[in-house]
Amino acid sequence: MLYSEKVMDHFRNPRNVGEIPDADGIGEVGNAKCGDIMKMYLKIDDDVITDAKFETFGCGSAIATSSMATELIKGKPVSEALELSNKAVVEALDGLPAYKLHCSVLAEEAVKAAVKDYYDKNGIAYDADQFAFDDHDHE
Ligand code: FES
């Protein structure tokens, strides 16, 4: 089978879809390869992600990876969410076909963009390198 059961599950029943109206951080990113876009909302209390939701105009793999990414970062400190790689999300989904790996990058980037927004809004200093996306890692 092309897609794992976990991918199909998160695609059919995505977790945490929607908007957080009073989000502390919002990240919107686009995938240059296909034009799909993703918006990530984070609620952050005391440096812990208490809620995460996403909206996407993306393919099934983008939906499944975003769904899994929100599940993985909820309840975690912001610093851990920043370390979430697209590889970790793909592993948690029991894999994606190689030509769909770029879709998982959208979820990772959206989480990072939302954290960056949170840092910016709250005047928290950060190292810009944390938000530099390394294309090599993503392919
Ligand atoms: Fe665009 Fe998957 S094809 S995110």
# chains A, B, ... in the order shown; residues from 1 in each chain; ligands from 1
$ select_by_dssp --residues "chain A" --states "alpha helix (DSSP H)" --output "PyMOL selection string"
chain A and resi 5-12+60-73+78-83+86-92+101-121+135-138
$ residues_near_ligand --ligand "ligand 1" --cutoff "8 Å" --atoms "only C-alpha atoms and all ligand atoms" --output "number ranges by chain"
A: 31, 33-37, 58-62, 100, 102-104, 106
$ write_last_selection --atoms "N, CA, C and O atoms" --output "PDB file, in the first residue's frame"
ATOM      1  N   ASN A  31       4.226  26.134   0.079  1.00  0.00           N
ATOM      2  CA  ASN A  31       5.165  25.189  -0.512  1.00  0.00           C
ATOM      3  C   ASN A  31       5.403  25.591  -1.965  1.00  0.00           C
ATOM      4  O   ASN A  31       4.483  25.575  -2.783  1.00  0.00           O
ATOM      5  N   LYS A  33       6.853  24.146  -4.276  1.00  0.00           N
ATOM      6  CA  LYS A  33       6.762  23.102  -5.303  1.00  0.00           C
ATOM      7  C   LYS A  33       5.354  22.904  -5.824  1.00  0.00           C
ATOM      8  O   LYS A  33       5.147  22.541  -6.972  1.00  0.00           O
ATOM      9  N   CYS A  34       4.356  23.065  -4.963  1.00  0.00           N
ATOM     10  CA  CYS A  34       2.996  22.761  -5.398  1.00  0.00           C
ATOM     11  C   CYS A  34       2.041  23.930  -5.206  1.00  0.00           C
ATOM     12  O   CYS A  34       0.910  23.884  -5.682  1.00  0.00           O
ATOM     13  N   GLY A  35       2.483  24.966  -4.473  1.00  0.00           N
ATOM     14  CA  GLY A  35       1.605  26.121  -4.266  1.00  0.00           C
ATOM     15  C   GLY A  35       0.648  25.960  -3.100  1.00  0.00           C
ATOM     16  O   GLY A  35      -0.168  26.834  -2.842  1.00  0.00           O
ATOM     17  N   ASP A  36       0.723  24.831  -2.397  1.00  0.00           N
ATOM     18  CA  ASP A  36      -0.167  24.624  -1.251  1.00  0.00           C
ATOM     19  C   ASP A  36       0.244  25.525  -0.091  1.00  0.00           C
ATOM     20  O   ASP A  36       1.416  25.861   0.055  1.00  0.00           O
ATOM     21  N   ILE A  37      -0.737  25.897   0.740  1.00  0.00           N
ATOM     22  CA  ILE A  37      -0.413  26.740   1.886  1.00  0.00           C
ATOM     23  C   ILE A  37      -0.975  26.161   3.180  1.00  0.00           C
ATOM     24  O   ILE A  37      -1.928  25.377   3.174  1.00  0.00           O
ATOM     25  N   GLY A  58      -4.039  22.166   1.193  1.00  0.00           N
ATOM     26  CA  GLY A  58      -2.927  21.305   0.824  1.00  0.00           C
ATOM     27  C   GLY A  58      -3.425  19.908   0.513  1.00  0.00           C
ATOM     28  O   GLY A  58      -4.588  19.580   0.716  1.00  0.00           O
ATOM     29  N   CYS A  59      -2.498  19.084   0.078  1.00  0.00           N
ATOM     30  CA  CYS A  59      -2.835  17.723  -0.316  1.00  0.00           C
ATOM     31  C   CYS A  59      -3.051  16.845   0.920  1.00  0.00           C
ATOM     32  O   CYS A  59      -2.835  17.278   2.057  1.00  0.00           O
ATOM     33  N   GLY A  60      -3.419  15.616   0.703  1.00  0.00           N
ATOM     34  CA  GLY A  60      -3.675  14.689   1.798  1.00  0.00           C
ATOM     35  C   GLY A  60      -2.473  14.484   2.696  1.00  0.00           C
ATOM     36  O   GLY A  60      -2.607  14.377   3.922  1.00  0.00           O
ATOM     37  N   SER A  61      -1.290  14.425   2.109  1.00  0.00           N
ATOM     38  CA  SER A  61      -0.083  14.231   2.920  1.00  0.00           C
ATOM     39  C   SER A  61       0.194  15.454   3.782  1.00  0.00           C
ATOM     40  O   SER A  61       0.666  15.327   4.909  1.00  0.00           O
ATOM     41  N   ALA A  62      -0.107  16.634   3.264  1.00  0.00           N
ATOM     42  CA  ALA A  62       0.073  17.854   4.056  1.00  0.00           C
ATOM     43  C   ALA A  62      -0.909  17.857   5.227  1.00  0.00           C
ATOM     44  O   ALA A  62      -0.566  18.245   6.342  1.00  0.00           O
ATOM     45  N   LYS A 100       6.369  12.403  -1.742  1.00  0.00           N
ATOM     46  CA  LYS A 100       5.444  13.186  -0.914  1.00  0.00           C
ATOM     47  C   LYS A 100       6.143  13.795   0.303  1.00  0.00           C
ATOM     48  O   LYS A 100       5.514  14.473   1.112  1.00  0.00           O
ATOM     49  N   HIS A 102       8.138  16.224   0.546  1.00  0.00           N
ATOM     50  CA  HIS A 102       8.156  17.696   0.594  1.00  0.00           C
ATOM     51  C   HIS A 102       6.895  18.240   1.267  1.00  0.00           C
ATOM     52  O   HIS A 102       6.906  19.324   1.825  1.00  0.00           O
ATOM     53  N   CYS A 103       5.812  17.481   1.243  1.00  0.00           N
ATOM     54  CA  CYS A 103       4.562  17.935   1.870  1.00  0.00           C
ATOM     55  C   CYS A 103       4.723  18.046   3.387  1.00  0.00           C
ATOM     56  O   CYS A 103       4.100  18.897   4.019  1.00  0.00           O
ATOM     57  N   SER A 104       5.577  17.180   3.950  1.00  0.00           N
ATOM     58  CA  SER A 104       5.750  17.188   5.398  1.00  0.00           C
ATOM     59  C   SER A 104       6.532  18.409   5.866  1.00  0.00           C
ATOM     60  O   SER A 104       6.479  18.783   7.026  1.00  0.00           O
ATOM     61  N   LEU A 106       5.977  21.382   5.027  1.00  0.00           N
ATOM     62  CA  LEU A 106       5.012  22.455   5.284  1.00  0.00           C
ATOM     63  C   LEU A 106       4.635  22.497   6.767  1.00  0.00           C
ATOM     64  O   LEU A 106       4.559  23.573   7.365  1.00  0.00           O
TER      65      LEU A 106
END
$ select_by_dssp --residues "segment 14-124 of chain A" --states "strand (DSSP E or B)" --output "number ranges by chain"
A: 17, 25-30, 37-45, 48-57, 77
$ residues_around --residues "segment 63-76 of chain A" --least-positions-apart "3" --cutoff "6 Å" --atoms "only C-alpha atoms" --output "list in words"
Val7, His10, Phe11, Pro14, Arg15, Val48, Ile49, Thr50, Asp51, Ala52, Gly60, Ala81, Ser104 and Ala107 of chain A
$ closest_residue --among "A:Tyr41, A:Phe54, A:Phe131, A:Tyr126" --to "Ala114 of chain A" --atoms "only C-alpha atoms"
A:Tyr41
$ atom_distance --atom1 "atom CA of Asp46 of chain A" --atom2 "atom CA of Ser85 of chain A"
22.9 Å
$ residues_around --residues "segment 121-125 of chain A" --least-positions-apart "4" --cutoff "12 Å" --atoms "only C-alpha atoms" --output "count of residues only"
11
